file data.pdb (PDB, C-alpha atoms)
ATOM      1  CA  MET K 143       0.000   0.000   0.000  1.00  0.00           C
ATOM      2  CA  GLU K 144       1.219   3.495  -0.864  1.00  0.00           C
ATOM      3  CA  GLN K 145       2.043   6.037   1.833  1.00  0.00           C
ATOM      4  CA  LEU K 146      -1.280   7.083   3.289  1.00  0.00           C
ATOM      5  CA  THR K 147      -2.649  10.314   4.651  1.00  0.00           C
ATOM      6  CA  ILE K 148      -4.833   9.005   7.461  1.00  0.00           C
ATOM      7  CA  PRO K 149      -8.123  10.881   7.959  1.00  0.00           C
ATOM      8  CA  LYS K 150      -8.843  11.963  11.517  1.00  0.00           C
ATOM      9  CA  HIS K 151     -12.555  11.300  11.049  1.00  0.00           C
ATOM     10  CA  ILE K 152     -14.214   8.897   8.613  1.00  0.00           C
ATOM     11  CA  GLY K 153     -17.953   8.688   8.043  1.00  0.00           C
ATOM     12  CA  ILE K 154     -19.532   5.668   6.352  1.00  0.00           C
ATOM     13  CA  ILE K 155     -23.026   5.456   4.900  1.00  0.00           C
ATOM     14  CA  MET K 156     -23.671   1.714   5.106  1.00  0.00           C
ATOM     15  CA  ASP K 157     -25.890   1.441   2.040  1.00  0.00           C
ATOM     16  CA  GLY K 158     -27.102  -1.475  -0.044  1.00  0.00           C
ATOM     17  CA  ASN K 159     -28.218  -4.068   2.513  1.00  0.00           C
ATOM     18  CA  GLY K 160     -31.692  -4.460   1.005  1.00  0.00           C
ATOM     19  CA  ARG K 161     -30.442  -4.709  -2.577  1.00  0.00           C
ATOM     20  CA  TRP K 162     -27.790  -7.230  -1.501  1.00  0.00           C
ATOM     21  CA  ALA K 163     -30.508  -9.438  -0.010  1.00  0.00           C
ATOM     22  CA  LYS K 164     -32.853  -9.011  -2.990  1.00  0.00           C
ATOM     23  CA  LYS K 165     -30.126 -10.102  -5.429  1.00  0.00           C
ATOM     24  CA  ARG K 166     -29.870 -13.339  -3.450  1.00  0.00           C
ATOM     25  CA  GLY K 167     -33.600 -13.907  -3.038  1.00  0.00           C
ATOM     26  CA  LEU K 168     -33.347 -13.278   0.707  1.00  0.00           C
ATOM     27  CA  PRO K 169     -35.430 -11.145   3.091  1.00  0.00           C
ATOM     28  CA  ARG K 170     -34.170  -7.579   3.541  1.00  0.00           C
ATOM     29  CA  SER K 171     -33.500  -8.403   7.202  1.00  0.00           C
ATOM     30  CA  ASP K 172     -30.801 -10.865   6.067  1.00  0.00           C
ATOM     31  CA  GLY K 173     -29.055  -7.992   4.317  1.00  0.00           C
ATOM     32  CA  HIS K 174     -29.042  -5.932   7.501  1.00  0.00           C
ATOM     33  CA  THR K 175     -27.655  -8.901   9.449  1.00  0.00           C
ATOM     34  CA  ALA K 176     -24.889  -9.434   6.900  1.00  0.00           C
ATOM     35  CA  GLY K 177     -24.047  -5.729   6.933  1.00  0.00           C
ATOM     36  CA  ALA K 178     -23.911  -5.538  10.711  1.00  0.00           C
ATOM     37  CA  LYS K 179     -21.377  -8.371  10.857  1.00  0.00           C
ATOM     38  CA  LEU K 180     -18.844  -6.261   8.960  1.00  0.00           C
ATOM     39  CA  ILE K 181     -18.746  -3.328  11.315  1.00  0.00           C
ATOM     40  CA  LYS K 182     -16.283  -4.723  13.833  1.00  0.00           C
ATOM     41  CA  SER K 183     -13.636  -5.544  11.220  1.00  0.00           C
ATOM     42  CA  ILE K 184     -13.898  -2.047   9.750  1.00  0.00           C
ATOM     43  CA  ALA K 185     -13.671  -0.425  13.196  1.00  0.00           C
ATOM     44  CA  ARG K 186     -10.667  -2.605  14.043  1.00  0.00           C
ATOM     45  CA  ARG K 187      -8.889  -1.614  10.828  1.00  0.00           C
ATOM     46  CA  CYS K 188      -9.528   2.085  11.498  1.00  0.00           C
ATOM     47  CA  ASN K 189      -8.079   1.623  14.980  1.00  0.00           C
ATOM     48  CA  GLU K 190      -4.987  -0.091  13.541  1.00  0.00           C
ATOM     49  CA  LEU K 191      -4.433   2.725  11.046  1.00  0.00           C
ATOM     50  CA  GLY K 192      -4.676   5.431  13.689  1.00  0.00           C
ATOM     51  CA  VAL K 193      -7.991   6.906  12.564  1.00  0.00           C
ATOM     52  CA  LYS K 194      -9.246   8.853  15.580  1.00  0.00           C
ATOM     53  CA  ASN K 195     -12.977   8.860  14.782  1.00  0.00           C
ATOM     54  CA  LEU K 196     -15.266   6.576  12.784  1.00  0.00           C
ATOM     55  CA  THR K 197     -18.961   7.407  12.452  1.00  0.00           C
ATOM     56  CA  VAL K 198     -21.336   4.984  10.718  1.00  0.00           C
ATOM     57  CA  PHE K 199     -24.899   5.701   9.611  1.00  0.00           C
ATOM     58  CA  ALA K 200     -26.881   2.801  11.044  1.00  0.00           C
ATOM     59  CA  PHE K 201     -30.487   4.035  11.287  1.00  0.00           C
ATOM     60  CA  SER K 202     -31.871   7.363  10.122  1.00  0.00           C
ATOM     61  CA  THR K 203     -34.828   9.409  11.307  1.00  0.00           C
ATOM     62  CA  GLU K 204     -36.432   8.558   7.958  1.00  0.00           C
ATOM     63  CA  ASN K 205     -35.957   4.801   8.323  1.00  0.00           C
ATOM     64  CA  TRP K 206     -38.970   4.552  10.642  1.00  0.00           C
ATOM     65  CA  ALA K 207     -41.101   4.864   7.488  1.00  0.00           C
ATOM     66  CA  ARG K 208     -39.914   1.478   6.240  1.00  0.00           C
ATOM     67  CA  PRO K 209     -42.159  -1.603   6.613  1.00  0.00           C
ATOM     68  CA  GLN K 210     -42.713  -2.436  10.284  1.00  0.00           C
ATOM     69  CA  GLU K 211     -41.256  -5.923   9.871  1.00  0.00           C
ATOM     70  CA  GLU K 212     -37.986  -4.504   8.550  1.00  0.00           C
ATOM     71  CA  VAL K 213     -37.805  -1.852  11.285  1.00  0.00           C
ATOM     72  CA  SER K 214     -38.413  -4.493  13.969  1.00  0.00           C
ATOM     73  CA  SER K 215     -35.657  -6.710  12.556  1.00  0.00           C
ATOM     74  CA  ILE K 216     -33.204  -3.783  12.632  1.00  0.00           C
ATOM     75  CA  ILE K 217     -34.124  -2.964  16.238  1.00  0.00           C
ATOM     76  CA  ASN K 218     -33.718  -6.600  17.298  1.00  0.00           C
ATOM     77  CA  LEU K 219     -30.374  -6.682  15.509  1.00  0.00           C
ATOM     78  CA  LEU K 220     -29.343  -3.609  17.483  1.00  0.00           C
ATOM     79  CA  ARG K 221     -30.293  -5.369  20.726  1.00  0.00           C
ATOM     80  CA  TYR K 222     -28.121  -8.316  19.774  1.00  0.00           C
ATOM     81  CA  TYR K 223     -25.039  -6.280  18.858  1.00  0.00           C
ATOM     82  CA  LEU K 224     -25.259  -4.119  21.956  1.00  0.00           C
ATOM     83  CA  LYS K 225     -24.272  -7.293  23.793  1.00  0.00           C
ATOM     84  CA  GLU K 226     -21.013  -7.355  21.818  1.00  0.00           C
ATOM     85  CA  ILE K 227     -19.675  -4.051  23.131  1.00  0.00           C
ATOM     86  CA  ASP K 228     -17.195  -5.743  25.492  1.00  0.00           C
ATOM     87  CA  LYS K 229     -15.236  -6.881  22.439  1.00  0.00           C
ATOM     88  CA  TYR K 230     -14.691  -3.275  21.408  1.00  0.00           C
ATOM     89  CA  VAL K 231     -13.629  -2.290  24.906  1.00  0.00           C
ATOM     90  CA  LYS K 232     -10.967  -5.014  24.892  1.00  0.00           C
ATOM     91  CA  GLU K 233      -9.523  -3.438  21.737  1.00  0.00           C
ATOM     92  CA  ASN K 234      -9.347   0.057  23.292  1.00  0.00           C
ATOM     93  CA  ILE K 235     -12.238   1.370  21.161  1.00  0.00           C
ATOM     94  CA  ARG K 236     -14.631   3.895  22.644  1.00  0.00           C
ATOM     95  CA  ILE K 237     -18.305   3.596  21.689  1.00  0.00           C
ATOM     96  CA  ARG K 238     -20.645   6.559  21.227  1.00  0.00           C
ATOM     97  CA  PHE K 239     -24.206   6.755  19.955  1.00  0.00           C
ATOM     98  CA  ILE K 240     -25.358   9.909  18.203  1.00  0.00           C
ATOM     99  CA  GLY K 241     -28.953  10.767  17.418  1.00  0.00           C
ATOM    100  CA  ASP K 242     -32.253  10.976  19.274  1.00  0.00           C
ATOM    101  CA  TRP K 243     -32.249   8.156  21.795  1.00  0.00           C
ATOM    102  CA  SER K 244     -35.845   8.843  22.835  1.00  0.00           C
ATOM    103  CA  GLY K 245     -37.163   7.000  19.786  1.00  0.00           C
ATOM    104  CA  PHE K 246     -35.994   3.653  21.184  1.00  0.00           C
ATOM    105  CA  ASP K 247     -37.424   1.422  23.903  1.00  0.00           C
ATOM    106  CA  GLN K 248     -36.007   1.999  27.371  1.00  0.00           C
ATOM    107  CA  ASP K 249     -34.064  -1.277  27.410  1.00  0.00           C
ATOM    108  CA  ILE K 250     -32.147  -0.189  24.318  1.00  0.00           C
ATOM    109  CA  GLN K 251     -31.469   3.260  25.757  1.00  0.00           C
ATOM    110  CA  ASP K 252     -30.154   1.621  28.927  1.00  0.00           C
ATOM    111  CA  LYS K 253     -27.846  -0.652  26.933  1.00  0.00           C
ATOM    112  CA  MET K 254     -26.569   2.284  24.891  1.00  0.00           C
ATOM    113  CA  ALA K 255     -25.789   4.241  28.059  1.00  0.00           C
ATOM    114  CA  LYS K 256     -24.096   1.203  29.598  1.00  0.00           C
ATOM    115  CA  SER K 257     -21.980   0.708  26.466  1.00  0.00           C
ATOM    116  CA  GLU K 258     -20.810   4.309  26.462  1.00  0.00           C
ATOM    117  CA  GLU K 259     -19.956   4.137  30.152  1.00  0.00           C
ATOM    118  CA  ALA K 260     -18.069   0.853  29.796  1.00  0.00           C
ATOM    119  CA  SER K 261     -15.842   2.204  27.024  1.00  0.00           C
ATOM    120  CA  LYS K 262     -15.414   5.819  28.146  1.00  0.00           C
ATOM    121  CA  ASN K 263     -11.771   5.369  29.192  1.00  0.00           C
ATOM    122  CA  ALA K 264     -10.649   3.830  25.892  1.00  0.00           C
ATOM    123  CA  THR K 265      -7.931   5.899  24.224  1.00  0.00           C
ATOM    124  CA  GLY K 266      -8.063   4.444  20.718  1.00  0.00           C
ATOM    125  CA  LEU K 267     -10.689   4.913  18.023  1.00  0.00           C
ATOM    126  CA  VAL K 268     -13.885   6.759  18.925  1.00  0.00           C
ATOM    127  CA  PHE K 269     -16.525   4.691  17.154  1.00  0.00           C
ATOM    128  CA  SER K 270     -19.812   6.583  16.833  1.00  0.00           C
ATOM    129  CA  ILE K 271     -22.976   4.852  15.681  1.00  0.00           C
ATOM    130  CA  ALA K 272     -25.672   7.142  14.281  1.00  0.00           C
ATOM    131  CA  LEU K 273     -29.074   5.829  15.371  1.00  0.00           C
ATOM    132  CA  ASN K 274     -32.366   7.640  14.825  1.00  0.00           C
ATOM    133  CA  TYR K 275     -30.117  10.282  13.357  1.00  0.00           C
ATOM    134  CA  GLY K 276     -30.704  12.976  10.758  1.00  0.00           C
ATOM    135  CA  GLY K 277     -28.449  15.911   9.944  1.00  0.00           C
ATOM    136  CA  ARG K 278     -31.271  18.445   9.767  1.00  0.00           C
ATOM    137  CA  ALA K 279     -32.783  17.150  13.006  1.00  0.00           C
ATOM    138  CA  GLU K 280     -29.360  17.480  14.646  1.00  0.00           C
ATOM    139  CA  ILE K 281     -29.003  21.111  13.547  1.00  0.00           C
ATOM    140  CA  THR K 282     -32.553  21.854  14.704  1.00  0.00           C
ATOM    141  CA  HIS K 283     -31.788  20.281  18.082  1.00  0.00           C
ATOM    142  CA  ALA K 284     -28.628  22.399  18.414  1.00  0.00           C
ATOM    143  CA  ALA K 285     -30.505  25.577  17.460  1.00  0.00           C
ATOM    144  CA  LYS K 286     -33.155  24.916  20.112  1.00  0.00           C
ATOM    145  CA  GLN K 287     -30.501  24.380  22.775  1.00  0.00           C
ATOM    146  CA  ILE K 288     -28.770  27.637  21.829  1.00  0.00           C
ATOM    147  CA  ALA K 289     -32.089  29.530  21.783  1.00  0.00           C
ATOM    148  CA  GLN K 290     -32.839  28.197  25.264  1.00  0.00           C
ATOM    149  CA  GLU K 291     -29.467  29.418  26.535  1.00  0.00           C
ATOM    150  CA  VAL K 292     -30.099  32.859  25.032  1.00  0.00           C
ATOM    151  CA  GLU K 293     -33.552  32.977  26.613  1.00  0.00           C
ATOM    152  CA  GLU K 294     -32.081  32.066  29.999  1.00  0.00           C
ATOM    153  CA  GLY K 295     -29.407  34.765  29.693  1.00  0.00           C
ATOM    154  CA  LYS K 296     -26.556  32.249  29.556  1.00  0.00           C
ATOM    155  CA  LEU K 297     -25.531  33.260  26.047  1.00  0.00           C
ATOM    156  CA  ALA K 298     -25.692  36.551  24.131  1.00  0.00           C
ATOM    157  CA  ILE K 299     -26.751  36.531  20.491  1.00  0.00           C
ATOM    158  CA  GLU K 300     -23.539  38.264  19.414  1.00  0.00           C
ATOM    159  CA  GLU K 301     -21.551  35.445  21.054  1.00  0.00           C
ATOM    160  CA  ILE K 302     -23.021  32.808  18.731  1.00  0.00           C
ATOM    161  CA  THR K 303     -20.429  31.535  16.255  1.00  0.00           C
ATOM    162  CA  GLU K 304     -19.964  28.489  14.035  1.00  0.00           C
ATOM    163  CA  GLN K 305     -18.089  26.928  16.937  1.00  0.00           C
ATOM    164  CA  THR K 306     -21.145  27.481  19.141  1.00  0.00           C
ATOM    165  CA  LEU K 307     -23.195  25.419  16.703  1.00  0.00           C
ATOM    166  CA  SER K 308     -20.508  22.715  16.569  1.00  0.00           C
ATOM    167  CA  ASP K 309     -20.416  22.551  20.359  1.00  0.00           C
ATOM    168  CA  HIS K 310     -24.145  21.804  20.432  1.00  0.00           C
ATOM    169  CA  MET K 311     -24.116  19.032  17.828  1.00  0.00           C
ATOM    170  CA  TYR K 312     -24.303  15.365  18.796  1.00  0.00           C
ATOM    171  CA  THR K 313     -20.654  15.199  17.672  1.00  0.00           C
ATOM    172  CA  ALA K 314     -19.467  17.938  20.061  1.00  0.00           C
ATOM    173  CA  GLY K 315     -15.784  17.523  20.838  1.00  0.00           C
ATOM    174  CA  MET K 316     -15.082  15.552  17.651  1.00  0.00           C
ATOM    175  CA  PRO K 317     -13.256  16.928  14.601  1.00  0.00           C
ATOM    176  CA  ASP K 318     -15.177  17.573  11.399  1.00  0.00           C
ATOM    177  CA  VAL K 319     -15.378  14.700   8.940  1.00  0.00           C
ATOM    178  CA  ASP K 320     -12.421  14.323   6.572  1.00  0.00           C
ATOM    179  CA  LEU K 321     -13.699  11.420   4.459  1.00  0.00           C
ATOM    180  CA  ILE K 322     -17.163  10.063   3.762  1.00  0.00           C
ATOM    181  CA  ILE K 323     -17.469   6.647   2.118  1.00  0.00           C
ATOM    182  CA  ARG K 324     -20.662   5.420   0.480  1.00  0.00           C
ATOM    183  CA  PRO K 325     -20.870   2.088  -1.324  1.00  0.00           C
ATOM    184  CA  SER K 326     -23.854   0.897  -3.429  1.00  0.00           C
ATOM    185  CA  GLY K 327     -23.770   3.372  -6.308  1.00  0.00           C
ATOM    186  CA  GLU K 328     -25.747   6.189  -4.687  1.00  0.00           C
ATOM    187  CA  TYR K 329     -24.200   9.660  -4.938  1.00  0.00           C
ATOM    188  CA  ARG K 330     -25.739  11.646  -2.113  1.00  0.00           C
ATOM    189  CA  LEU K 331     -25.320  12.359   1.609  1.00  0.00           C
ATOM    190  CA  SER K 332     -28.839  11.335   2.619  1.00  0.00           C
ATOM    191  CA  ASN K 333     -28.923  13.790   5.535  1.00  0.00           C
ATOM    192  CA  PHE K 334     -25.759  12.358   7.132  1.00  0.00           C
ATOM    193  CA  LEU K 335     -23.403  14.681   9.046  1.00  0.00           C
ATOM    194  CA  ILE K 336     -24.329  17.626   6.841  1.00  0.00           C
ATOM    195  CA  TRP K 337     -22.898  20.213   9.265  1.00  0.00           C
ATOM    196  CA  GLN K 338     -19.703  18.274   9.944  1.00  0.00           C
ATOM    197  CA  SER K 339     -18.938  17.413   6.302  1.00  0.00           C
ATOM    198  CA  ALA K 340     -18.636  20.946   4.894  1.00  0.00           C
ATOM    199  CA  TYR K 341     -15.109  20.199   3.643  1.00  0.00           C
ATOM    200  CA  ALA K 342     -15.180  16.411   3.625  1.00  0.00           C
ATOM    201  CA  GLU K 343     -13.840  14.393   0.722  1.00  0.00           C
ATOM    202  CA  TYR K 344     -16.312  11.879  -0.725  1.00  0.00           C
ATOM    203  CA  VAL K 345     -15.565   8.433  -2.088  1.00  0.00           C
ATOM    204  CA  PHE K 346     -18.578   6.835  -3.732  1.00  0.00           C
ATOM    205  CA  MET K 347     -18.251   3.173  -4.683  1.00  0.00           C
ATOM    206  CA  ASP K 348     -20.670   1.915  -7.312  1.00  0.00           C
ATOM    207  CA  ASP K 349     -19.065  -1.502  -7.604  1.00  0.00           C
ATOM    208  CA  ILE K 350     -19.985  -2.843  -4.168  1.00  0.00           C
ATOM    209  CA  LEU K 351     -22.911  -3.103  -1.746  1.00  0.00           C
ATOM    210  CA  TRP K 352     -22.278  -2.665   1.974  1.00  0.00           C
ATOM    211  CA  PRO K 353     -22.551  -6.363   2.997  1.00  0.00           C
ATOM    212  CA  ASP K 354     -19.699  -7.101   0.556  1.00  0.00           C
ATOM    213  CA  PHE K 355     -17.544  -4.223   1.831  1.00  0.00           C
ATOM    214  CA  LYS K 356     -14.189  -5.459   3.122  1.00  0.00           C
ATOM    215  CA  VAL K 357     -11.128  -4.010   4.835  1.00  0.00           C
ATOM    216  CA  LYS K 358      -9.456  -3.781   1.418  1.00  0.00           C
ATOM    217  CA  ASP K 359     -12.275  -1.473   0.273  1.00  0.00           C
ATOM    218  CA  LEU K 360     -11.679   0.777   3.274  1.00  0.00           C
ATOM    219  CA  ASP K 361      -7.986   0.848   2.363  1.00  0.00           C
ATOM    220  CA  ARG K 362      -8.927   1.650  -1.229  1.00  0.00           C
ATOM    221  CA  ALA K 363     -11.038   4.623  -0.097  1.00  0.00           C
ATOM    222  CA  ILE K 364      -8.232   5.929   2.125  1.00  0.00           C
ATOM    223  CA  GLU K 365      -5.787   5.582  -0.762  1.00  0.00           C
ATOM    224  CA  GLU K 366      -8.101   7.704  -2.895  1.00  0.00           C
ATOM    225  CA  TYR K 367      -8.405  10.237  -0.059  1.00  0.00           C
ATOM    226  CA  SER K 368      -4.604  10.388   0.148  1.00  0.00           C
ATOM    227  CA  ARG K 369      -4.443  11.471  -3.499  1.00  0.00           C
ATOM    228  CA  ARG K 370      -6.819  14.407  -2.954  1.00  0.00           C
ATOM    229  CA  ASN K 371      -5.532  17.981  -2.637  1.00  0.00           C
ATOM    230  CA  ARG K 372      -7.524  19.523   0.210  1.00  0.00           C
ATOM    231  CA  ARG K 373      -7.481  23.322  -0.089  1.00  0.00           C
ATOM    232  CA  PHE K 374     -10.371  24.278   2.231  1.00  0.00           C
ATOM    233  CA  GLY K 375     -11.310  27.164  -0.035  1.00  0.00           C
ATOM    234  CA  GLY K 376      -7.709  28.325  -0.528  1.00  0.00           C
ATOM    235  CA  ILE K 377      -5.360  27.930  -3.489  1.00  0.00           C
TER
END
call {"tool": "encode", "arguments": {"input": "data.pdb", "output": "structure tokens"}}
result
Amino acid sequence: MEQLTIPKHIGIIMDGNGRWAKKRGLPRSDGHTAGAKLIKSIARRCNELGVKNLTVFAFSTENWARPQEEVSSIINLLRYYLKEIDKYVKENIRIRFIGDWSGFDQDIQDKMAKSEEASKNATGLVFSIALNYGGRAEITHAAKQIAQEVEEGKLAIEEITEQTLSDHMYTAGMPDVDLIIRPSGEYRLSNFLIWQSAYAEYVFMDDILWPDFKVKDLDRAIEEYSRRNRRFGGI
């Protein structure tokens, strides 16, 4: 592998589970199961490479509109994988969940909180899982928090900056996204990290669906990122 420029923060839109299953004559839930099995190997590889933050788009605010059977299978899959958090802790990976937790049953919220607490002292990769997440909803949530602080006299309007907004996002304390990867042939953000990705590089892969995504595909995306000239609006 060529000399790499390692992104500090990678975002992945895990797309194509349903199409992967359909191509094989399987239920869509089988695609989600296959896709979920890949996550640990990708997180481990990011940790090995020295990536500081990995954020994956697991369940969006819009996904609730899918058929109830599919939604239920995704939620049950989440319950199952929340039991696997100890394996991440052993590899010095910190787990975070971003999004609106209130949409989930209390037992899931409790497991999410327990997972974050158990891994809070990890010093390696910060692995964030976006659940019931939407970029516009996140910005709206931040704006409401800031408005509340202004109303309570804790913050003056003239003190509000871009950093103020960043500090009120679900990703507060994390660097902006450097690289966003999306397999499956779709060329859009789909409401994922829209504030944080203002200067992100995008690698869209139309030759692979998420359940077939491998460590070598992550390496391929980082190699492409390494060839980019990031000017951030400059020359």
call {"tool": "residues_around", "arguments": {"input": "data.pdb", "residues": "Ile350 (chain K)", "least_positions_apart": "2", "cutoff": "12 Å", "atoms": "all atoms listed in the file", "output": "mmCIF file with C-alpha atoms, in the coordinates of the input"}}
result
data_model
loop_
_atom_site.group_PDB
_atom_site.id
_atom_site.type_symbol
_atom_site.label_atom_id
_atom_site.label_comp_id
_atom_site.auth_asym_id
_atom_site.auth_seq_id
_atom_site.Cartn_x
_atom_site.Cartn_y
_atom_site.Cartn_z
ATOM 1 C CA MET K 156 -23.671 1.714 5.106
ATOM 2 C CA ASP K 157 -25.890 1.441 2.040
ATOM 3 C CA GLY K 158 -27.102 -1.475 -0.044
ATOM 4 C CA ASN K 159 -28.218 -4.068 2.513
ATOM 5 C CA ARG K 161 -30.442 -4.709 -2.577
ATOM 6 C CA TRP K 162 -27.790 -7.230 -1.501
ATOM 7 C CA ILE K 323 -17.469 6.647 2.118
ATOM 8 C CA ARG K 324 -20.662 5.420 0.480
ATOM 9 C CA PRO K 325 -20.870 2.088 -1.324
ATOM 10 C CA SER K 326 -23.854 0.897 -3.429
ATOM 11 C CA GLY K 327 -23.770 3.372 -6.308
ATOM 12 C CA GLU K 328 -25.747 6.189 -4.687
ATOM 13 C CA PHE K 346 -18.578 6.835 -3.732
ATOM 14 C CA MET K 347 -18.251 3.173 -4.683
ATOM 15 C CA ASP K 348 -20.670 1.915 -7.312
ATOM 16 C CA TRP K 352 -22.278 -2.665 1.974
ATOM 17 C CA PRO K 353 -22.551 -6.363 2.997
ATOM 18 C CA ASP K 354 -19.699 -7.101 0.556
ATOM 19 C CA PHE K 355 -17.544 -4.223 1.831
ATOM 20 C CA LYS K 356 -14.189 -5.459 3.122
ATOM 21 C CA LYS K 358 -9.456 -3.781 1.418
ATOM 22 C CA ASP K 359 -12.275 -1.473 0.273
ATOM 23 C CA LEU K 360 -11.679 0.777 3.274
#
call {"tool": "residues_around", "arguments": {"input": "data.pdb", "residues": "Ile227 (chain K)", "least_positions_apart": "4", "cutoff": "10 Å", "atoms": "all atoms listed in the file", "output": "PyMOL selection string"}}
result
chain K and resi 182+223+231-232+235-237+253-254+256-258+260-261
call {"tool": "residues_near_point", "arguments": {"input": "data.pdb", "point": "(-7.2, 0.5, 10.2)", "cutoff": "10 Å", "atoms": "all atoms listed in the file", "output": "NGL selection string"}}
result
:K and (148 or 183-193 or 267 or 357 or 360-361 or 364)
call {"tool": "atom_distance", "arguments": {"input": "data.pdb", "atom1": "CA of Ile217 (chain K)", "atom2": "CA of Asp172 (chain K)"}}
result
13.3 Å
call {"tool": "resolve_selection", "arguments": {"input": "data.pdb", "expression": "the PyMOL selection byres ((chain K and resi 309) around 12)", "output": "JSON, numbers by chain"}}
result
{"K": [280, 281, 283, 284, 285, 287, 288, 302, 303, 304, 305, 306, 307, 308, 310, 311, 312, 313, 314, 315, 316, 317, 318, 337, 338]}
call {"tool": "closest_atom_pairs", "arguments": {"input": "data.pdb", "of": "region 146-202 of chain K", "to": "region 239-242 of chain K", "cutoff": "10 Å", "atoms": "all atoms listed in the file", "output": "tab-separated table"}}
result
residue	atom	partner	partner_atom	distance
K:Thr197	CA	K:Ile240	CA	9.0
K:Val198	CA	K:Ile240	CA	9.8
K:Phe199	CA	K:Ile240	CA	9.6
K:Phe201	CA	K:Gly241	CA	9.2
K:Ser202	CA	K:Gly241	CA	8.6
call {"tool": "closest_residue", "arguments": {"input": "data.pdb", "among": "K:Gln248, K:Tyr367, K:Leu321, K:Asn274", "to": "Ile154 (chain K)", "atoms": "all atoms listed in the file"}}
result
K:Leu321
call {"tool": "atom_distance", "arguments": {"input": "data.pdb", "atom1": "CA of Pro169 (chain K)", "atom2": "CA of Glu212 (chain K)"}}
result
9.0 Å
